[in-house]
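One structure is given below, encoded as structure tokens.
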Amino acid sequence: MPAKSAAFKPATQDQILEFYREMLLMRRFEEKAGQLYGMGLIAGFCHLYIGQEAVVTGVQAVLEEGDQIITGYRDHAHMLACGMDPKGVMAELTGREGGYSRGKGGSMHMFSREKNFYGGHGIVGAQVALGTGLGFANWYKDNGKISVAYFGDGAANQGQVYESFNMAKLWNLPVIYVIENNQYAMGTSVKRASSETHLYKRGASFGIPGEEVDGMDVEAVRKAAHKAAKHARTGKGPYILEMKTYRYRGHSMSDPAKYRTRDEVDEVRSHHDPIDMVKEKLLATKKFSEEDLKAIDKDVKAIVNEAAEFSKTSPEPDPSELYTDVLVEA
């Protein structure tokens with residue numbers, strides 16, 4: 001039987017304060033990861049989420065125990081949103097034994113079955129098919145749970161995405177497809193890479209409804225995500241949410257982002273920053289002061305600094321780990 005879904009209620013001031021804390025944790029964590037990368041303590045690829053924090057925060061706010069999420073390689077904030085330990089996430093970035101994949105996965109490949117986080121995937125668009133599979137499992141078990149598959153505007157042009165859409169609608173699988181449209185994919189603007197730039201319409205030929213959302217407004221994200229979750233959880237099938245968001249850094253730490261102007265980035269940071277907008281709302285209520293919010297920032301920085309220290313002191317994996325998790329003999 002399809003599950004029931006509670007009516008939408010606007011977030012309380014205390015909930016908004018928690019959104020602020022969660023987004024600030026993501027921002028400070030990613031800033032620290034950028035520093036560690038610059039120091040040579042993080043190797044390989046490292047894709048930061050700075051600027052996009054409202055998306056995963058707002059979506060996670062409507063999920064229930066047992067719902068699953070899966071995403072691509074810009075994944076650190078998604079892990080934090082699931083409640084994964086910042087120390088374990090940061091230690092994986094530095095390739096240490098205390099990391100979630102015991103130091104063997106790195107930035108793009110972390111998992112937590114306990115938190116129903118199914119990765120972190122380095123292959124563009126691969127997580128969409130896997131997320132659809134998670135939805136299939138929920139449908140098959142009739143357990144009332146939903147899966148959320150995050151992917152970017154670049155991955156939205158991958159063929160397997162549309163195979164997944166077709167299957168999801170054919171069986172009305174309980175999946176939410178969240179397109180995090182930060183407008184540049186790897187470095188090419190959506191207008192130059194996509195004939196249909198309104199990505200929420202991409203499911204129209206399959207009969208999948210979708211909508212465009214201000215991905216810089218955590219409350220707008222939460223409201224749209226509630227609608228999508230209700231749709232999926234009550235047996236109506238998949239739903240597409242196109243989150244119009246923006247990343248402040250390059251595609252990865254090795255990207256100088258010369259394909260856009262400094263003025264463009266500064267305009268977004270000055271007038272549409274997701275954390276600053278929440279901060280202004282909190283201060284406007286008069287319930288919270290600047291000192292209250294500074295105290296939260298101080299606590300968050302302490303958590304991140306502790307994670308960074310752990311990521312430096314946790315031992316490196318034993319060389320024997322090269323041969324584990326490679327082959328399972330049946």
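Note on naming: chains are A, B, ... as they come in the structure tokens, residues start from 1 per chain, ligands start from 1 in the order shown.
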
Produce a table with one row for each residue of segment 6-79 of chain A that has an atom at most 8 Å from any atom of segment 273-276 of chain A, each row naming the nearest atom pair and its distance in Å at one decimal; use only C-alpha atoms; arrange rows by chain and rising residue number; format as a tab-separated table.
residue	atom	partner	partner_atom	distance
A:Tyr20	CA	A:Ile275	CA	6.4
A:Met23	CA	A:Ile275	CA	6.6
A:Leu24	CA	A:Ile275	CA	7.0
A:Gly51	CA	A:Asp273	CA	6.7
A:Gln52	CA	A:Pro274	CA	7.6
A:Glu53	CA	A:Pro274	CA	6.9
A:Ala54	CA	A:Pro274	CA	5.9

**Asked** Which residues, written as a ChimeraX atom specification, have at least one atom at most 10 Å from segment 217-228 of chain A, with only C-alpha atoms counted and residues fewer than 2 positions away on the same chain left out?
**Response** /A:5-11,16,19-20,23,52-63,174-178,209-215,230-233,236-245,272-275,277-278

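Among A:Thr132, A:Ser112, A:Ser101, A:Ser252, the residue with the shortest atom-to-atom distance to Thr324 of chain A, counting only C-alpha atoms, is A:Ser101.
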
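Note that the spacing between atom CA of Val89 of chain A and atom CA of Met186 of chain A amounts to 23.6 Å.
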
**Item:** Residue nearest Met84 of chain A - candidates A:Ala307, A:Glu329, A:Val265, A:Ala137, atoms counted: only C-alpha atoms
**Value:** A:Ala307

**Request:** Within segment 44-182 of chain A, find each residue whose DSSP state, derived from the backbone, is strand (DSSP E or B), and express the selection as a VMD selection string.
**Result:** chain A and resid 68 to 70 112 117 147 to 152 175 to 181

Check the DSSP output for the backbone and give back, as a short mmCIF file (atom, residue, chain, number, x, y, z; two decimals) with N, CA and C atoms, in the first residue's frame, the residues of segment 185-225 of chain A in helix (DSSP H, G or I).
data_model
loop_
_atom_site.label_atom_id
_atom_site.label_comp_id
_atom_site.auth_asym_id
_atom_site.auth_seq_id
_atom_site.Cartn_x
_atom_site.Cartn_y
_atom_site.Cartn_z
N VAL A 190 25.24 25.94 -19.55
CA VAL A 190 24.10 25.14 -19.97
C VAL A 190 23.62 25.56 -21.36
N LYS A 191 23.63 26.85 -21.64
CA LYS A 191 23.14 27.35 -22.92
C LYS A 191 23.96 26.83 -24.10
N ARG A 192 25.23 26.56 -23.85
CA ARG A 192 26.10 26.08 -24.93
C ARG A 192 26.08 24.56 -25.06
N ALA A 193 25.55 23.87 -24.04
CA ALA A 193 25.63 22.41 -24.03
C ALA A 193 24.28 21.71 -24.15
N LEU A 199 15.85 22.18 -17.52
CA LEU A 199 16.14 20.77 -17.30
C LEU A 199 15.02 20.02 -16.58
N TYR A 200 14.15 20.74 -15.88
CA TYR A 200 13.04 20.07 -15.21
C TYR A 200 12.03 19.49 -16.20
N LYS A 201 12.14 19.91 -17.47
CA LYS A 201 11.24 19.39 -18.50
C LYS A 201 11.75 18.10 -19.12
N ARG A 202 12.93 17.67 -18.72
CA ARG A 202 13.56 16.52 -19.37
C ARG A 202 12.78 15.22 -19.20
N GLY A 203 11.89 15.16 -18.24
CA GLY A 203 11.10 13.94 -18.06
C GLY A 203 9.74 13.98 -18.72
N ALA A 204 9.45 15.06 -19.45
CA ALA A 204 8.10 15.25 -20.00
C ALA A 204 7.68 14.12 -20.94
N SER A 205 8.59 13.66 -21.79
CA SER A 205 8.22 12.62 -22.76
C SER A 205 7.94 11.28 -22.09
N PHE A 206 8.38 11.13 -20.83
CA PHE A 206 8.12 9.91 -20.08
C PHE A 206 6.91 10.05 -19.15
N VAL A 218 16.84 27.88 0.93
CA VAL A 218 16.63 26.59 1.57
C VAL A 218 15.16 26.32 1.86
N GLU A 219 14.38 27.35 2.14
CA GLU A 219 12.97 27.14 2.41
C GLU A 219 12.21 26.78 1.13
N ALA A 220 12.58 27.40 0.02
CA ALA A 220 11.96 27.05 -1.26
C ALA A 220 12.30 25.61 -1.64
N VAL A 221 13.55 25.22 -1.38
CA VAL A 221 13.97 23.84 -1.66
C VAL A 221 13.17 22.87 -0.80
N ARG A 222 13.05 23.16 0.46
CA ARG A 222 12.32 22.27 1.37
C ARG A 222 10.86 22.11 0.93
N LYS A 223 10.22 23.19 0.53
CA LYS A 223 8.82 23.13 0.12
C LYS A 223 8.66 22.28 -1.14
N ALA A 224 9.53 22.49 -2.12
CA ALA A 224 9.45 21.71 -3.36
C ALA A 224 9.78 20.25 -3.10
N ALA A 225 10.75 20.01 -2.23
CA ALA A 225 11.14 18.63 -1.91
C ALA A 225 10.01 17.89 -1.20
#

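Compared by their closest atoms to Met108 of chain A, and using only C-alpha atoms, the residues A:Cys46, A:Met79, A:Met167, A:Leu282 rank with A:Cys46 nearest.
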
**Prompt:** Which one is closest to Glu114 of chain A: A:Leu130, A:Lys87, A:Glu65, A:Lys287? Count only C-alpha atoms.
**Reply:** A:Glu65

**Asked** Which residues, written as a ChimeraX atom specification, have at least one atom at most 9 Å from Arg247 of chain A, with only C-alpha atoms counted and residues fewer than 4 positions away on the same chain left out?
**Response** /A:48-52,182-184,251,265

Report as a Markdown table: every residue of segment 46-126 of chain A with an atom at most 12 Å from segment 148-158 of chain A, its closest pair of atoms, and their distance in Å to one decimal, counting only C-alpha atoms, with rows sorted by chain and ascending residue number.
| residue | atom | partner | partner_atom | distance |
| --- | --- | --- | --- | --- |
| A:Tyr49 | CA | A:Gly152 | CA | 11.9 |
| A:Gln52 | CA | A:Gly152 | CA | 11.4 |
| A:Val55 | CA | A:Tyr150 | CA | 9.9 |
| A:Val56 | CA | A:Tyr150 | CA | 8.9 |
| A:Val59 | CA | A:Val148 | CA | 8.8 |
| A:Gln60 | CA | A:Val148 | CA | 9.4 |
| A:Val62 | CA | A:Val148 | CA | 11.2 |
| A:Leu63 | CA | A:Val148 | CA | 9.2 |
| A:Glu64 | CA | A:Val148 | CA | 11.6 |
| A:Gly66 | CA | A:Val148 | CA | 11.6 |
| A:Asp67 | CA | A:Val148 | CA | 7.9 |
| A:Gln68 | CA | A:Val148 | CA | 6.3 |
| A:Ile69 | CA | A:Val148 | CA | 4.7 |
| A:Ile70 | CA | A:Ala149 | CA | 5.1 |
| A:Thr71 | CA | A:Tyr150 | CA | 4.7 |
| A:Gly72 | CA | A:Phe151 | CA | 6.1 |
| A:Tyr73 | CA | A:Phe151 | CA | 9.2 |
| A:Arg74 | CA | A:Phe151 | CA | 9.2 |
| A:Asp75 | CA | A:Tyr150 | CA | 9.5 |
| A:His78 | CA | A:Tyr150 | CA | 9.4 |
| A:Asn116 | CA | A:Val148 | CA | 10.7 |
| A:Phe117 | CA | A:Val148 | CA | 10.0 |
| A:Tyr118 | CA | A:Ala149 | CA | 9.8 |
| A:Gly119 | CA | A:Ala149 | CA | 10.2 |
| A:Gly120 | CA | A:Tyr150 | CA | 10.0 |
| A:His121 | CA | A:Phe151 | CA | 10.1 |
| A:Gly122 | CA | A:Phe151 | CA | 11.4 |
| A:Ile123 | CA | A:Ala155 | CA | 9.4 |
| A:Val124 | CA | A:Ala155 | CA | 5.7 |
| A:Gly125 | CA | A:Ala155 | CA | 4.9 |
| A:Ala126 | CA | A:Ala155 | CA | 8.7 |

Output N, CA and C atoms for every residue in the selection just made, as a tab-separated table (two decimals), in the first residue's frame.
chain	number	residue	atom	x	y	z
A	49	TYR	N	31.54	22.10	-2.67
A	49	TYR	CA	30.10	22.36	-2.76
A	49	TYR	C	29.76	23.80	-2.36
A	52	GLN	N	26.29	25.85	-2.91
A	52	GLN	CA	25.14	25.00	-3.20
A	52	GLN	C	24.49	24.40	-1.95
A	55	VAL	N	20.65	23.31	-1.28
A	55	VAL	CA	19.98	22.22	-2.00
A	55	VAL	C	19.86	20.97	-1.14
A	56	VAL	N	20.99	20.42	-0.73
A	56	VAL	CA	20.94	19.18	0.02
A	56	VAL	C	20.33	19.39	1.41
A	59	VAL	N	16.43	19.44	0.89
A	59	VAL	CA	15.90	18.13	0.52
A	59	VAL	C	15.98	17.17	1.71
A	60	GLN	N	17.11	17.16	2.38
A	60	GLN	CA	17.29	16.24	3.51
A	60	GLN	C	16.26	16.50	4.60
A	62	VAL	N	13.17	16.88	4.48
A	62	VAL	CA	11.86	16.24	4.31
A	62	VAL	C	11.97	14.71	4.25
A	63	LEU	N	13.18	14.19	4.28
A	63	LEU	CA	13.34	12.74	4.19
A	63	LEU	C	13.07	12.07	5.52
A	64	GLU	N	12.72	10.79	5.46
A	64	GLU	CA	12.39	10.02	6.64
A	64	GLU	C	13.43	8.93	6.86
A	66	GLY	N	15.26	5.71	6.77
A	66	GLY	CA	15.22	4.62	5.79
A	66	GLY	C	15.23	5.07	4.35
A	67	ASP	N	14.92	6.35	4.08
A	67	ASP	CA	15.06	6.88	2.72
A	67	ASP	C	16.54	6.90	2.36
A	68	GLN	N	16.83	6.73	1.07
A	68	GLN	CA	18.24	6.67	0.64
A	68	GLN	C	18.60	7.86	-0.24
A	69	ILE	N	19.88	8.23	-0.20
A	69	ILE	CA	20.35	9.23	-1.16
A	69	ILE	C	21.62	8.72	-1.83
A	70	ILE	N	21.82	9.19	-3.04
A	70	ILE	CA	23.00	8.85	-3.82
A	70	ILE	C	23.34	10.06	-4.67
A	71	THR	N	24.63	10.28	-4.91
A	71	THR	CA	25.01	11.49	-5.63
A	71	THR	C	26.28	11.25	-6.45
A	72	GLY	N	26.79	12.32	-7.04
A	72	GLY	CA	27.99	12.24	-7.85
A	72	GLY	C	29.22	12.51	-7.02
A	73	TYR	N	30.21	13.14	-7.63
A	73	TYR	CA	31.50	13.32	-6.97
A	73	TYR	C	31.60	14.60	-6.15
A	74	ARG	N	30.63	15.52	-6.28
A	74	ARG	CA	30.61	16.72	-5.42
A	74	ARG	C	29.77	16.35	-4.20
A	75	ASP	N	30.35	15.54	-3.33
A	75	ASP	CA	29.53	14.77	-2.40
A	75	ASP	C	29.74	15.02	-0.92
A	78	HIS	N	26.72	16.28	1.04
A	78	HIS	CA	25.64	15.30	1.12
A	78	HIS	C	25.87	14.33	2.27
A	116	ASN	N	22.34	5.32	5.13
A	116	ASN	CA	21.64	5.18	3.84
A	116	ASN	C	22.18	6.14	2.78
A	117	PHE	N	23.51	6.32	2.84
A	117	PHE	CA	24.20	7.11	1.83
A	117	PHE	C	24.95	6.15	0.92
A	118	TYR	N	24.54	6.10	-0.35
A	118	TYR	CA	25.06	5.10	-1.28
A	118	TYR	C	26.11	5.65	-2.25
A	119	GLY	N	26.83	6.69	-1.84
A	119	GLY	CA	27.95	7.23	-2.64
A	119	GLY	C	27.54	8.52	-3.31
A	120	GLY	N	28.48	9.29	-3.55
A	120	GLY	CA	29.77	9.43	-4.08
A	120	GLY	C	30.09	8.53	-5.25
A	121	HIS	N	29.92	9.05	-6.54
A	121	HIS	CA	30.32	8.25	-7.70
A	121	HIS	C	31.06	9.13	-8.70
A	122	GLY	N	32.22	8.61	-9.14
A	122	GLY	CA	33.07	9.39	-10.03
A	122	GLY	C	32.66	9.37	-11.48
A	123	ILE	N	31.86	8.39	-11.90
A	123	ILE	CA	31.43	8.30	-13.29
A	123	ILE	C	30.20	9.21	-13.48
A	124	VAL	N	30.29	10.13	-14.41
A	124	VAL	CA	29.23	11.12	-14.60
A	124	VAL	C	27.91	10.43	-14.94
A	125	GLY	N	26.90	10.64	-14.11
A	125	GLY	CA	25.57	10.10	-14.35
A	125	GLY	C	25.34	8.69	-13.85
A	126	ALA	N	26.41	8.00	-13.42
A	126	ALA	CA	26.26	6.60	-12.99
A	126	ALA	C	25.29	6.47	-11.83

**Asked** Skipping near chain neighbours, those fewer than 6 positions away, what residues fall within 12 Å of Arg262 of chain A using only C-alpha atoms, listed as a list of chain:residue names?
**Response** A:Tyr248, A:Arg249, A:Gly250, A:Pro256, A:Val268, A:Arg269, A:Ser270

**Prompt:** In Å, how far is it from atom CA of Gly40 of chain A to atom CA of Gly83 of chain A?
**Reply:**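 Spanning atom CA of Gly40 of chain A to atom CA of Gly83 of chain A is a straight-line distance of 27.1 Å.
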
**Item:** Atom-to-atom span, atom CA of Glu321 of chain A and atom CA of Ala91 of chain A, Å
**Value:**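 Answer for the atom CA of Glu321 of chain A to atom CA of Ala91 of chain A separation: 16.0 Å.
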
**Message:** Residues near Glu316 of chain A, anyone? I mean within 10 Å using only C-alpha atoms, not counting same-chain ones fewer than 3 positions away, as a VMD selection string.
**Reply:** chain A and resid 91 94 to 99 102 to 104 311 to 313 319

**Fill in**
Judged by only C-alpha atoms, the minimum distance to Leu36 of chain A among A:Ser320, A:Asn305, A:Thr261, A:Thr12 is found for A:Asn305
